[in-house]
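Have a look at model-v6.csv below; it lists CSV, C-alpha atoms and all ligand atoms.
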```csv
chain,number,residue,atom,x,y,z
C,28,MET,CA,31.9,3.4,-7.3
C,29,LYS,CA,29.7,4.3,-10.3
C,30,ILE,CA,26.6,2.3,-10.9
C,31,THR,CA,23.5,3.0,-13.1
C,32,THR,CA,19.9,3.0,-11.9
C,33,GLN,CA,19.2,0.0,-14.2
C,34,GLU,CA,22.0,-1.9,-12.5
C,35,ILE,CA,20.5,-1.1,-9.1
C,36,ILE,CA,17.1,-2.3,-10.2
C,37,LYS,CA,18.7,-5.6,-11.4
C,38,ILE,CA,20.4,-6.1,-8.1
C,39,ARG,CA,17.5,-5.1,-5.9
C,40,LYS,CA,14.6,-6.8,-7.8
C,41,GLN,CA,13.7,-10.2,-6.5
C,42,GLN,CA,14.4,-13.5,-8.3
C,43,VAL,CA,10.8,-14.6,-8.6
C,44,ARG,CA,10.4,-18.3,-8.3
C,45,TYR,CA,6.7,-18.5,-9.4
C,46,PRO,CA,4.4,-16.4,-11.5
C,47,LEU,CA,3.4,-13.1,-9.8
C,48,ILE,CA,1.5,-10.0,-10.7
C,49,GLN,CA,4.0,-7.5,-12.0
C,50,PRO,CA,4.0,-4.8,-9.2
C,51,ILE,CA,4.8,-7.5,-6.6
C,52,ALA,CA,7.7,-8.8,-8.7
C,53,ASP,CA,9.0,-5.3,-9.5
C,54,ARG,CA,8.7,-3.8,-6.0
C,55,PHE,CA,11.6,-2.9,-3.8
C,56,SER,CA,12.3,0.1,-1.6
C,57,PRO,CA,15.0,2.4,-3.0
C,58,ARG,CA,16.8,5.1,-1.0
C,59,HIS,CA,17.1,7.5,-4.0
C,60,PHE,CA,14.2,9.1,-5.8
C,61,SER,CA,13.8,11.5,-8.7
C,62,SER,CA,12.2,14.6,-7.2
C,63,GLU,CA,10.0,15.1,-10.4
C,64,LYS,CA,6.4,15.9,-9.8
C,65,ILE,CA,4.0,12.9,-9.5
C,66,PRO,CA,0.8,13.6,-11.5
C,67,ASN,CA,-2.4,14.3,-9.5
C,68,LYS,CA,-4.1,11.3,-11.2
C,69,VAL,CA,-1.4,9.0,-9.8
C,70,ILE,CA,-1.9,10.5,-6.3
C,71,ASP,CA,-5.7,9.9,-6.7
C,72,SER,CA,-5.1,6.3,-7.8
C,73,ILE,CA,-2.8,5.3,-5.0
C,74,PHE,CA,-5.1,6.7,-2.3
C,75,GLU,CA,-8.1,5.0,-4.0
C,76,ALA,CA,-6.1,1.7,-3.6
C,77,ALA,CA,-5.5,2.5,0.0
C,78,ARG,CA,-9.2,3.3,0.6
C,79,LEU,CA,-10.4,-0.1,-0.7
C,80,ALA,CA,-8.2,-2.3,1.5
C,81,PRO,CA,-9.8,-4.9,3.8
C,82,SER,CA,-10.1,-4.2,7.5
C,83,GLY,CA,-11.4,-5.8,10.7
C,84,HIS,CA,-15.2,-5.0,11.0
C,85,ASN,CA,-14.7,-2.8,7.9
C,86,TYR,CA,-13.6,0.0,10.3
C,87,GLN,CA,-11.0,1.3,7.9
C,88,PRO,CA,-8.8,2.7,10.7
C,89,TRP,CA,-6.4,4.7,8.6
C,90,PHE,CA,-5.8,8.3,7.5
C,91,PHE,CA,-3.1,9.7,5.2
C,92,TYR,CA,-1.6,13.2,5.3
C,93,TRP,CA,0.5,13.9,2.3
C,94,THR,CA,2.7,16.7,0.9
C,95,ARG,CA,4.8,17.3,-2.2
C,96,ASN,CA,8.5,18.3,-1.9
C,97,THR,CA,7.8,21.9,-2.5
C,98,GLY,CA,6.9,23.5,0.8
C,99,ARG,CA,7.5,23.9,4.5
C,100,THR,CA,5.5,20.8,5.4
C,101,PHE,CA,7.9,18.6,3.6
C,102,GLU,CA,10.8,20.1,5.5
C,103,LYS,CA,8.9,19.7,8.8
C,104,ILE,CA,8.5,15.9,8.2
C,105,ILE,CA,12.2,15.5,7.3
C,106,SER,CA,13.1,17.3,10.5
C,107,CYS,CA,11.5,14.4,12.4
C,108,PHE,CA,13.9,11.8,10.9
C,109,PRO,CA,17.2,10.7,12.2
C,110,GLN,CA,20.1,11.4,9.9
C,111,SER,CA,20.0,7.8,8.6
C,112,ASN,CA,16.7,8.6,6.9
C,113,TYR,CA,17.8,11.8,5.2
C,114,TRP,CA,17.7,9.9,1.9
C,115,ALA,CA,14.0,10.8,2.0
C,116,LYS,CA,14.8,14.4,1.0
C,117,THR,CA,14.9,13.2,-2.6
C,118,ALA,CA,11.3,11.9,-2.5
C,119,SER,CA,8.7,13.7,-4.6
C,120,VAL,CA,5.9,13.1,-2.1
C,121,LEU,CA,5.9,12.1,1.6
C,122,ILE,CA,2.8,10.4,3.1
C,123,VAL,CA,2.2,10.3,6.8
C,124,ALA,CA,0.3,7.0,7.3
C,125,CYS,CA,-1.8,7.1,10.5
C,126,TYR,CA,-3.9,4.5,12.3
C,127,LEU,CA,-7.0,5.2,14.4
C,128,PRO,CA,-6.4,3.2,17.6
C,129,THR,CA,-10.0,3.6,18.8
C,130,ILE,CA,-13.3,3.5,17.0
C,131,ASP,CA,-16.3,4.9,18.8
C,132,GLY,CA,-14.3,5.0,22.0
C,133,LYS,CA,-13.3,1.3,21.8
C,134,ARG,CA,-9.8,0.0,21.1
C,135,ASP,CA,-9.6,-1.5,17.6
C,136,LYS,CA,-7.2,-4.4,18.0
C,137,TYR,CA,-6.8,-4.7,14.2
C,138,ALA,CA,-5.9,-1.1,13.5
C,139,LEU,CA,-2.2,-1.5,12.9
C,140,TYR,CA,-2.6,-4.6,10.9
C,141,ASP,CA,-5.3,-2.9,8.8
C,142,LEU,CA,-3.1,0.2,8.2
C,143,GLY,CA,-0.3,-2.1,6.9
C,144,ALA,CA,-2.8,-3.7,4.4
C,145,SER,CA,-3.9,-0.3,3.3
C,146,VAL,CA,-0.3,1.0,2.9
C,147,MET,CA,0.7,-2.1,0.9
C,148,SER,CA,-2.3,-1.6,-1.5
C,149,LEU,CA,-1.1,2.0,-2.0
C,150,ILE,CA,2.5,0.9,-2.6
C,151,LEU,CA,1.5,-1.8,-5.1
C,152,GLN,CA,-0.7,0.6,-7.0
C,153,ALA,CA,2.1,3.1,-7.1
C,154,GLN,CA,4.5,0.4,-8.3
C,155,HIS,CA,2.0,-0.6,-11.0
C,156,LEU,CA,2.1,3.0,-12.3
C,157,GLY,CA,5.9,3.0,-12.3
C,158,PHE,CA,6.5,4.8,-8.9
C,159,TYR,CA,8.6,3.4,-6.1
C,160,ALA,CA,8.1,3.7,-2.3
C,161,ARG,CA,10.1,3.3,0.9
C,162,GLN,CA,8.6,3.3,4.3
C,163,ILE,CA,10.1,5.1,7.3
C,164,GLY,CA,9.3,3.9,10.8
C,165,ASN,CA,12.3,5.5,12.4
C,166,CYS,CA,10.8,8.9,13.0
C,167,ASP,CA,9.9,11.1,16.0
C,168,THR,CA,6.2,10.6,15.7
C,169,LYS,CA,5.4,12.8,18.8
C,170,LYS,CA,7.2,15.7,17.2
C,171,LEU,CA,5.6,14.9,13.8
C,172,LYS,CA,2.1,15.0,15.3
C,173,GLU,CA,2.8,18.4,17.0
C,174,LEU,CA,4.5,20.0,14.0
C,175,LEU,CA,1.8,19.0,11.5
C,176,ASN,CA,-1.0,19.6,14.0
C,177,LEU,CA,-2.6,16.2,13.2
C,178,ASN,CA,-6.0,15.2,14.4
C,179,LYS,CA,-5.7,13.9,18.0
C,180,ASP,CA,-7.3,10.5,17.1
C,181,HIS,CA,-4.8,9.9,14.3
C,182,LYS,CA,-1.6,8.1,15.3
C,183,PRO,CA,1.3,8.4,12.7
C,184,PHE,CA,3.0,5.1,12.3
C,185,VAL,CA,5.1,5.2,9.1
C,186,VAL,CA,6.0,7.9,6.5
C,187,VAL,CA,5.9,6.6,3.0
C,188,ALA,CA,8.5,8.2,0.6
C,189,LEU,CA,7.3,8.1,-3.0
C,190,GLY,CA,8.6,8.9,-6.4
C,191,LYS,CA,10.2,7.7,-9.6
C,192,ILE,CA,13.4,5.9,-8.8
C,193,GLY,CA,16.3,8.4,-8.9
C,194,ASP,CA,19.5,8.6,-11.0
C,195,TYR,CA,21.9,6.4,-9.1
C,196,SER,CA,24.9,7.8,-10.9
C,197,LYS,CA,24.3,10.9,-8.7
C,198,VAL,CA,23.4,9.2,-5.4
C,199,GLU,CA,25.3,9.8,-2.2
C,200,GLU,CA,27.9,7.1,-1.6
C,201,ILE,CA,26.4,5.9,1.7
C,202,TYR,CA,23.1,5.1,0.0
C,203,LEU,CA,24.7,3.6,-3.1
C,204,LYS,CA,26.5,1.2,-0.8
C,205,LYS,CA,23.3,0.2,0.9
C,206,ASP,CA,21.2,-0.1,-2.2
C,207,SER,CA,23.8,-2.1,-4.2
C,208,GLN,CA,23.4,-5.0,-1.8
C,209,PRO,CA,21.1,-7.8,-2.9
C,210,ASN,CA,17.7,-7.9,-1.2
C,211,ILE,CA,17.6,-11.4,0.3
C,212,LYS,CA,14.2,-12.8,1.4
C,213,LYS,CA,13.5,-15.9,3.4
C,214,THR,CA,12.3,-18.9,1.5
C,215,ASP,CA,11.0,-21.2,4.3
C,216,ILE,CA,7.9,-19.4,5.4
C,217,THR,CA,5.2,-22.0,4.7
C,218,LYS,CA,4.3,-25.5,5.9
C,219,ASN,CA,1.5,-27.5,4.5
C,220,ILE,CA,-0.3,-28.9,7.5
C,301,LIG,C1,7.2,-0.7,9.2
C,301,LIG,C2,8.5,-0.4,8.4
C,301,LIG,C3,9.4,0.5,8.9
C,301,LIG,C4,10.5,0.9,8.1
C,301,LIG,N1,11.4,1.8,8.5
C,301,LIG,C5,12.4,2.2,7.8
C,301,LIG,C6,13.3,3.3,8.2
C,301,LIG,O1,13.1,3.9,9.2
C,301,LIG,N2,14.3,3.6,7.3
C,301,LIG,C7,14.5,2.9,6.1
C,301,LIG,O2,15.5,3.3,5.4
C,301,LIG,N3,13.7,1.9,5.8
C,301,LIG,C8,12.7,1.5,6.5
C,301,LIG,N4,11.9,0.5,6.1
C,301,LIG,C9,12.1,-0.2,4.8
C,301,LIG,C10,12.6,-1.6,5.1
C,301,LIG,O3,13.9,-1.5,5.6
C,301,LIG,C11,12.6,-2.4,3.7
C,301,LIG,O4,11.2,-2.5,3.4
C,301,LIG,C12,13.2,-3.8,3.9
C,301,LIG,O5,14.6,-3.6,4.1
C,301,LIG,C13,12.9,-4.7,2.8
C,301,LIG,O6,13.3,-4.2,1.6
C,301,LIG,P1,12.4,-4.1,0.3
C,301,LIG,O7,11.2,-3.2,0.8
C,301,LIG,O8,13.2,-3.4,-0.8
C,301,LIG,O9,11.9,-5.5,0.0
C,301,LIG,C14,10.7,0.2,6.9
C,301,LIG,C15,9.8,-0.7,6.4
C,301,LIG,C16,8.7,-1.0,7.1
C,301,LIG,C17,7.6,-2.0,6.6
```

Can the structure in the file be given as structure tokens, please?
Ligand SMILES: Cc1cc2nc3c(=O)[nH]c(=O)nc-3n(C[C@H](O)[C@H](O)[C@H](O)COP(=O)(O)O)c2cc1C
Amino acid sequence: MKITTQEIIKIRKQQVRYPLIQPIADRFSPRHFSSEKIPNKVIDSIFEAARLAPSGHNYQPWFFYWTRNTGRTFEKIISCFPQSNYWAKTASVLIVACYLPTIDGKRDKYALYDLGASVMSLILQAQHLGFYARQIGNCDTKKLKELLNLNKDHKPFVVVALGKIGDYSKVEEIYLKKDSQPNIKKTDITKNI
């Protein structure tokens, strides 16, 4: 099967029923990236978006470790994935998104929720600048923490793969199969009460 990147975008992008800001309408999570370098100013912008996210008590219980695809750290992160996530090798940047489960010795019950809000801000800012992301939860986080020597108070939760969308005429068949399926979303998620 041969299919172009533009065709993948057409299949994966949502049919938007009501007006939305563009990055939300455009966003989806591809499994194939272009490994080209992401400019520093884009990296700065996406982390600025993450920094400004809302959080319970304004605790901001998040921390991001990131690397480009050029060195040992990138390989170390990939080694923590099961084979099903090897598509991430094509990413330009990998971000290890961590939450801080305790603040001043007390459990922060909002920490994971807040990390999600911060990651989503980051992803939407990236999308606005023309870069796609896919998150990876299926990862050996214990190994990741050891290999990267992360701060003991930082709990890795997802890795975010980031980059320009790749050339799907060169993608591995297994990912082409997955990414050429429509991206169905539920429609009945609200009730006016
Ligand atoms: C917390 C979380 C964990 C995820 N883990 C994985 C993963 O391990 N591997 C993967 O390929 N995708 C993973 N994803 C991506 C989801 O499968 C994807 O977001 C979902 O299928 C919806 O597709 P969309 O983002 O294109 O709308 C994860 C997403 C989230 C939010």

TODO: Point out the residue among C:Ile130, C:Cys107, C:Lys116, C:Arg39 with the least atom-to-atom distance to Asn85 in chain C, counting all atoms listed in the file.
DONE: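 Selected residue with least distance to Asn85 in chain C: C:Ile130.
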
Open item on the list: For a test of reading the model, state the distance in Å between CA of Lys169 in chain C and CA of Gly83 in chain C, rounded to one decimal.
Closed with: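 About the pair CA of Lys169 in chain C and CA of Gly83 in chain C: they are 26.3 Å apart.
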
Open item on the list: Which residues are close to Gln154 in chain C, i.e. within 9 Å by only C-alpha atoms, leaving aside same-chain residues fewer than 4 positions away? Reply as a ChimeraX atom specification.
Closed with: /C:49-51,53-54,149-150,158-160

Which residues form the shell of 7 Å around ligand LIG 301 (chain C) when you count all atoms listed in the file, given as a PDB file with C-alpha atoms, in the frame of the given file?
```pdb
ATOM      1  CA  ARG C  39      17.500  -5.100  -5.900  1.00  0.00           C
ATOM      2  CA  ARG C  54       8.700  -3.800  -6.000  1.00  0.00           C
ATOM      3  CA  PHE C  55      11.600  -2.900  -3.800  1.00  0.00           C
ATOM      4  CA  SER C  56      12.300   0.100  -1.600  1.00  0.00           C
ATOM      5  CA  PRO C  57      15.000   2.400  -3.000  1.00  0.00           C
ATOM      6  CA  ARG C  58      16.800   5.100  -1.000  1.00  0.00           C
ATOM      7  CA  ASN C 112      16.700   8.600   6.900  1.00  0.00           C
ATOM      8  CA  ARG C 161      10.100   3.300   0.900  1.00  0.00           C
ATOM      9  CA  GLN C 162       8.600   3.300   4.300  1.00  0.00           C
ATOM     10  CA  ILE C 163      10.100   5.100   7.300  1.00  0.00           C
ATOM     11  CA  GLY C 164       9.300   3.900  10.800  1.00  0.00           C
ATOM     12  CA  ASN C 165      12.300   5.500  12.400  1.00  0.00           C
ATOM     13  CA  CYS C 166      10.800   8.900  13.000  1.00  0.00           C
ATOM     14  CA  VAL C 185       5.100   5.200   9.100  1.00  0.00           C
ATOM     15  CA  ASN C 210      17.700  -7.900  -1.200  1.00  0.00           C
TER      16      ASN C 210
END
```

Open item on the list: Considering only C-alpha atoms, can you say which of C:Gln208, C:Ser82, C:Asn67, C:Ser62 comes closest to Tyr140 in chain C?
Closed with: C:Ser82

TODO: Can you work out the spacing between CA of Pro128 in chain C and CA of Asp180 in chain C in Å, to one decimal?
DONE: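 One can read the CA of Pro128 in chain C to CA of Asp180 in chain C distance as 7.4 Å.
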
Open item on the list: I'd like the interatomic distance between CA of Gln42 in chain C and CA of Lys213 in chain C, to a tenth of an Å.
Closed with: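 Between these atoms lies a distance of 12.0 Å.
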
Open item on the list: Using all atoms listed in the file - which residues lie no farther than 7 Å from the point (14.6, 7.7, -3.1) in the file's frame? Write them as a PyMOL selection string.
Closed with: chain C and resi 57-61+114-115+117-118+190+192-193

- [ ] Determine, counting all atoms listed in the file, every residue of protein, DNA or RNA that lies within 10 Å of (9.1, 13.8, 6.3) in the file coordinates, then give the result as a list of chain:residue names.
- [x]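 It turns out the residues near that spot are C:Trp93, C:Thr94, C:Asn96, C:Thr100, C:Phe101, C:Glu102, C:Lys103, C:Ile104, C:Ile105, C:Ser106, C:Cys107, C:Phe108, C:Asn112, C:Tyr113, C:Ala115, C:Lys116, C:Ala118, C:Val120, C:Leu121, C:Ile122, C:Val123, C:Ile163, C:Cys166, C:Leu171, C:Val185, C:Val186, C:Val187, C:Ala188.
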
Deliver the residues from the most recent selection as a file, using C-alpha atoms, as a PDB file, keeping the file's coordinate frame.
```pdb
ATOM      1  CA  TRP C  93       0.500  13.900   2.300  1.00  0.00           C
ATOM      2  CA  THR C  94       2.700  16.700   0.900  1.00  0.00           C
ATOM      3  CA  ASN C  96       8.500  18.300  -1.900  1.00  0.00           C
ATOM      4  CA  THR C 100       5.500  20.800   5.400  1.00  0.00           C
ATOM      5  CA  PHE C 101       7.900  18.600   3.600  1.00  0.00           C
ATOM      6  CA  GLU C 102      10.800  20.100   5.500  1.00  0.00           C
ATOM      7  CA  LYS C 103       8.900  19.700   8.800  1.00  0.00           C
ATOM      8  CA  ILE C 104       8.500  15.900   8.200  1.00  0.00           C
ATOM      9  CA  ILE C 105      12.200  15.500   7.300  1.00  0.00           C
ATOM     10  CA  SER C 106      13.100  17.300  10.500  1.00  0.00           C
ATOM     11  CA  CYS C 107      11.500  14.400  12.400  1.00  0.00           C
ATOM     12  CA  PHE C 108      13.900  11.800  10.900  1.00  0.00           C
ATOM     13  CA  ASN C 112      16.700   8.600   6.900  1.00  0.00           C
ATOM     14  CA  TYR C 113      17.800  11.800   5.200  1.00  0.00           C
ATOM     15  CA  ALA C 115      14.000  10.800   2.000  1.00  0.00           C
ATOM     16  CA  LYS C 116      14.800  14.400   1.000  1.00  0.00           C
ATOM     17  CA  ALA C 118      11.300  11.900  -2.500  1.00  0.00           C
ATOM     18  CA  VAL C 120       5.900  13.100  -2.100  1.00  0.00           C
ATOM     19  CA  LEU C 121       5.900  12.100   1.600  1.00  0.00           C
ATOM     20  CA  ILE C 122       2.800  10.400   3.100  1.00  0.00           C
ATOM     21  CA  VAL C 123       2.200  10.300   6.800  1.00  0.00           C
ATOM     22  CA  ILE C 163      10.100   5.100   7.300  1.00  0.00           C
ATOM     23  CA  CYS C 166      10.800   8.900  13.000  1.00  0.00           C
ATOM     24  CA  LEU C 171       5.600  14.900  13.800  1.00  0.00           C
ATOM     25  CA  VAL C 185       5.100   5.200   9.100  1.00  0.00           C
ATOM     26  CA  VAL C 186       6.000   7.900   6.500  1.00  0.00           C
ATOM     27  CA  VAL C 187       5.900   6.600   3.000  1.00  0.00           C
ATOM     28  CA  ALA C 188       8.500   8.200   0.600  1.00  0.00           C
TER      29      ALA C 188
END
```

Open item on the list: Between C:Tyr195, C:Leu139, C:Ile201, C:Lys37, which residue has the minimum interatomic distance to Lys182 in chain C, considering only C-alpha atoms?
Closed with: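 Residue with the minimum atom-to-atom distance to Lys182 in chain C: C:Leu139.
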
TODO: Find the residues around Lys172 in chain C up to 9 Å (all atoms listed in the file counted), leave out those fewer than 6 positions away in its own chain, and share them as a list in words.
DONE: Asn178, Lys179, His181, Lys182 and Pro183 of chain C

Task: Residue with smallest distance to Tyr137 in chain C - pool C:Tyr202, C:Lys197, C:Val43, C:His84, counting only C-alpha atoms - done: C:His84

Task: Who sits within 8 Å of Ser148 in chain C, all atoms listed in the file, same chain under 5 positions skipped, as number ranges by chain - done: C: 73, 76-77, 80

Task: Residue nearest Phe184 in chain C - candidates C:Val146, C:Leu203, C:Cys125, C:Leu79, atoms counted: all atoms listed in the file - done: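 Looking at the shortest contact to Phe184 in chain C, the residue is C:Cys125.
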